[in-house]
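The block underneath contains the structure these notes are about, expressed in structure tokens.
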Amino acid sequence: MTIVDIPGSKSITARGLFLAAAAHGTTVLSRPLRSDDSEGFAEGLLRLGYQVSRSESEWTISGRPEGPAVGSADVFCRDGATTARFLPALAAAGHGTFRFDASEQMRARPLGPLTDALLELGVDLTFEGAPGHHPLVVRAAGIKGGELTLDAGLSSQFLTALLLVGPLTAEGLRITVTDLVSVPYVEITIAMMRRFGVEVVRDGDTFVVPPTPYRACRYEIEPDASTSSYFFAAAALTGQSVTVPGLGEGALQGDLAFVEVLRQMGADVEVGPDAVTVTGTGGLRGVTVNMRDISDTVPTLAAIAPFADGPVRIEDVYNTRIKECDRLAACEENLRAMGVPVETGRDWIEIRPGAPTGALVKCRRDHRIAMAFSVTGLRTPGITLDDPGCVKKTFPGFHDALASLRASWGL
């Protein structure tokens, strides 16, 4: 058994930073993720005038329920979707003029459902380029609140941004959702809001957020379940065993359900109170699986799918086409380059058993493509990445960690 120390959750770190900034008092985030995305979020808060102190193991944030401490700011959100979607909502609840921009990759990703909702709530928001995309300017004068309808079929982050800002509005929010992907990420948001003193009530497709003030707290961030998926997949693929401490039965992150997919494929899986262990059994079975709620782990499954004894079909994952890249297309392209039979449709991919050959993986600047197909390389000599550095987005030390694992297993 090999123990792997996984960095803190990206999703929990981003939500923790928003909640800490919005709360009364001083919050300490323990074991936050240190990566390009999370550092970008923290830098964004600093640009907005919040006090953020960072050490290796803890980040301390002084909250400002009244909003940014500056009257104007220019915030660059880098590649971070949570930064690009959460911070404009946070700023809108304050007072001042705030401009937000992002990388070319993030500029191409949609904001429309969120910005439409903010406009519906009376926020003065204008786009400098394409509507529904960065760059944008928020002329903030607080948010009254009220009722609105939201399409969250492209990303759950639109709903999360509105849920998070709800307690900062004068009257609270009542949000009715017409479509929703990645439900477990919304459940993370609601659980964390509860920890900061706000209870969201869900009635079917409607979420009711009271204008209750957030309270600061000390919050320990669990390891990232999406990042853990690469190491669990590595164990299942190679017949080895991996334990990730800090994740377990009470984990907030829905992506931990990826281990249940590995269980269906024949791996031994043990989910304990504070750790998860996956052990490969020497073979993988083909499966058909709906991954709508755990779509960030689609590339991980695609990367090990050729080694199964039957087809692996992944369904209901259209939203993976509008992530950092079109992930279904990226998986198809790279698997074909390895000689693996693969087909895709609008929201599915099917991978048939094959013997992957060495190839240059085109990462498309997407950290998840790079990390997933690095796992393929544990069984396929000659796998190289055209952009190994893109893993800095969520796990700068990924390649060293995988190399250490490979060495400990004698691969």
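Following the order of the structure tokens, chains are lettered A, B, ..., residues in each are numbered from 1, and ligands are numbered from 1.
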**Request:** Quick one: everything within 6 Å of stretch 201-206 of chain A, counting only C-alpha atoms, minus sequence neighbours fewer than 6 positions away in the same chain. Send it as a ChimeraX atom specification.
**Result:** /A:175-177
**Message:** I'd like to know which residues of stretch 162-268 of chain A are strand (DSSP E) (by DSSP, run on the backbone); could you write them as a list in words?
**Reply:** Leu173, Arg174, Ile175, Thr176, Val177, Thr178, Asp179, Leu180, Val201, Arg202, Asp203, Thr206, Phe207, Val208, Val209, Arg218, Tyr219, Glu220, Ser241, Val242, Thr243, Val244, Pro245 and Asp268 of chain A
**Request:** Would you mind reading off the distance between atom CA of A:Ala170 and atom CA of A:Phe18, one decimal, in Å?
**Result:**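 Separation between atom CA of A:Ala170 and atom CA of A:Phe18: 18.1 Å.
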**Asked** Contacts of A:Gly94 at 8 Å or less, counting only C-alpha atoms, minus same-chain residues fewer than 5 places along, as an MDAnalysis selection string?
**Response** chainID A and resid 66:68 140:142
**Asked** Looking at A:Thr288, A:Thr344, A:Ser62, A:Thr227, which one is nearest to A:Leu45, with distances taken over only C-alpha atoms?
**Response** A:Ser62
**Prompt:** Can you list, as a count of residues only, every protein, DNA or RNA residue that comes within 8 Å of A:Phe307 when you count only C-alpha atoms, leaving out same-chain residues fewer than 6 positions away?
**Reply:** 6
**Item:** Near-A:Asp347 list (6 Å; only C-alpha atoms; drop same-chain fewer than 3 positions) as a ChimeraX atom specification
**Value:** /A:316-318
Selection above as a file: all heavy atoms, as a CSV table (one decimal), in the first residue's frame:
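As a result, again.csv now contains:
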```
chain,number,residue,atom,x,y,z
A,316,ASP,N,-23.9,11.4,-20.9
A,316,ASP,CA,-24.5,12.6,-20.2
A,316,ASP,C,-23.4,13.6,-19.7
A,316,ASP,O,-23.5,14.1,-18.6
A,316,ASP,CB,-25.4,12.2,-19.1
A,316,ASP,CG,-26.4,13.2,-18.8
A,316,ASP,OD1,-26.5,14.2,-19.5
A,316,ASP,OD2,-27.2,13.0,-17.8
A,317,VAL,N,-22.4,13.9,-20.6
A,317,VAL,CA,-21.3,14.8,-20.1
A,317,VAL,C,-21.1,15.9,-21.1
A,317,VAL,O,-19.9,16.3,-21.4
A,317,VAL,CB,-20.0,14.0,-19.9
A,317,VAL,CG1,-20.2,13.1,-18.6
A,317,VAL,CG2,-19.7,13.1,-21.1
A,318,TYR,N,-22.2,16.5,-21.7
A,318,TYR,CA,-22.0,17.5,-22.6
A,318,TYR,C,-21.1,18.7,-22.0
A,318,TYR,O,-20.3,19.3,-22.7
A,318,TYR,CB,-23.3,18.1,-23.1
A,318,TYR,CG,-23.1,19.3,-24.0
A,318,TYR,CD1,-22.7,19.2,-25.3
A,318,TYR,CD2,-23.4,20.6,-23.5
A,318,TYR,CE1,-22.4,20.4,-26.1
A,318,TYR,CE2,-23.1,21.7,-24.2
A,318,TYR,CZ,-22.7,21.6,-25.5
A,318,TYR,OH,-22.4,22.7,-26.3
```
**Request:** Find the distance between atom CA of A:Ala152 and atom CA of A:Val312 and write it in Å to one decimal.
**Result:**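 Straight-line distance from atom CA of A:Ala152 to atom CA of A:Val312 works out to 27.5 Å.
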**Message:** Could you tell me how far atom CA of A:Thr189 sits from atom CA of A:Arg15, in Å to one decimal place?
**Reply:**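 Spanning atom CA of A:Arg15 to atom CA of A:Thr189 is a straight-line distance of 7.0 Å.
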**Message:** Which residue is closest to A:Thr27? Choose from A:Gly153, A:Arg218, A:Arg174, A:Gly166 and count only C-alpha atoms.
**Reply:** A:Arg218
**Asked** Given the choices A:Asp79, A:Glu199, A:Glu333, A:Glu120, which gets closest to A:Asp366 if the distance is worked out from only C-alpha atoms?
**Response** A:Asp79
Within 9 Å of A:Val137, counting only C-alpha atoms, which residues show up once you throw out same-chain ones fewer than 4 positions away? Write them as a PDB file with N, CA and C atoms, in the first residue's frame, please.
```pdb
ATOM      1  N   PRO A  88     -16.898  38.539  -9.634  1.00  0.00           N
ATOM      2  CA  PRO A  88     -17.825  39.599 -10.052  1.00  0.00           C
ATOM      3  C   PRO A  88     -19.105  39.636  -9.210  1.00  0.00           C
ATOM      4  N   THR A  97     -16.539  50.589  -8.786  1.00  0.00           N
ATOM      5  CA  THR A  97     -16.450  50.167 -10.185  1.00  0.00           C
ATOM      6  C   THR A  97     -15.315  49.167 -10.321  1.00  0.00           C
ATOM      7  N   PHE A  98     -15.645  47.988 -10.798  1.00  0.00           N
ATOM      8  CA  PHE A  98     -14.683  46.890 -10.808  1.00  0.00           C
ATOM      9  C   PHE A  98     -14.660  46.232 -12.182  1.00  0.00           C
ATOM     10  N   ARG A  99     -13.468  46.176 -12.756  1.00  0.00           N
ATOM     11  CA  ARG A  99     -13.298  45.563 -14.074  1.00  0.00           C
ATOM     12  C   ARG A  99     -12.659  44.193 -13.916  1.00  0.00           C
ATOM     13  N   PHE A 100     -13.198  43.218 -14.640  1.00  0.00           N
ATOM     14  CA  PHE A 100     -12.690  41.849 -14.584  1.00  0.00           C
ATOM     15  C   PHE A 100     -12.309  41.394 -15.989  1.00  0.00           C
ATOM     16  N   ASP A 101     -11.125  40.770 -16.074  1.00  0.00           N
ATOM     17  CA  ASP A 101     -10.692  40.164 -17.331  1.00  0.00           C
ATOM     18  C   ASP A 101     -10.044  38.827 -17.004  1.00  0.00           C
ATOM     19  N   ASP A 124     -25.569  46.762 -12.365  1.00  0.00           N
ATOM     20  CA  ASP A 124     -25.086  47.515 -13.526  1.00  0.00           C
ATOM     21  C   ASP A 124     -23.823  46.814 -14.031  1.00  0.00           C
ATOM     22  N   LEU A 125     -23.962  46.074 -15.108  1.00  0.00           N
ATOM     23  CA  LEU A 125     -22.877  45.231 -15.604  1.00  0.00           C
ATOM     24  C   LEU A 125     -22.797  45.372 -17.119  1.00  0.00           C
ATOM     25  N   THR A 126     -21.605  45.638 -17.634  1.00  0.00           N
ATOM     26  CA  THR A 126     -21.435  45.800 -19.083  1.00  0.00           C
ATOM     27  C   THR A 126     -20.245  44.963 -19.559  1.00  0.00           C
ATOM     28  N   PHE A 127     -20.337  44.524 -20.806  1.00  0.00           N
ATOM     29  CA  PHE A 127     -19.270  43.726 -21.416  1.00  0.00           C
ATOM     30  C   PHE A 127     -18.447  44.603 -22.346  1.00  0.00           C
ATOM     31  N   GLU A 128     -17.137  44.393 -22.333  1.00  0.00           N
ATOM     32  CA  GLU A 128     -16.263  45.147 -23.231  1.00  0.00           C
ATOM     33  C   GLU A 128     -16.103  44.440 -24.576  1.00  0.00           C
TER      34      GLU A 128
END
```
**Prompt:** Do you know which residues are at most 9 Å from A:Ala330 counting only C-alpha atoms, after dropping those on the same chain fewer than 4 positions away, and could you put them as an MDAnalysis selection string?
**Reply:** chainID A and resid 299 325:326 334:335 362:364 369
**Item:** Residue nearest A:Arg321 among A:Thr149, A:Pro245, A:Ala108, A:Ala403 (counting only C-alpha atoms)
**Value:** A:Ala108
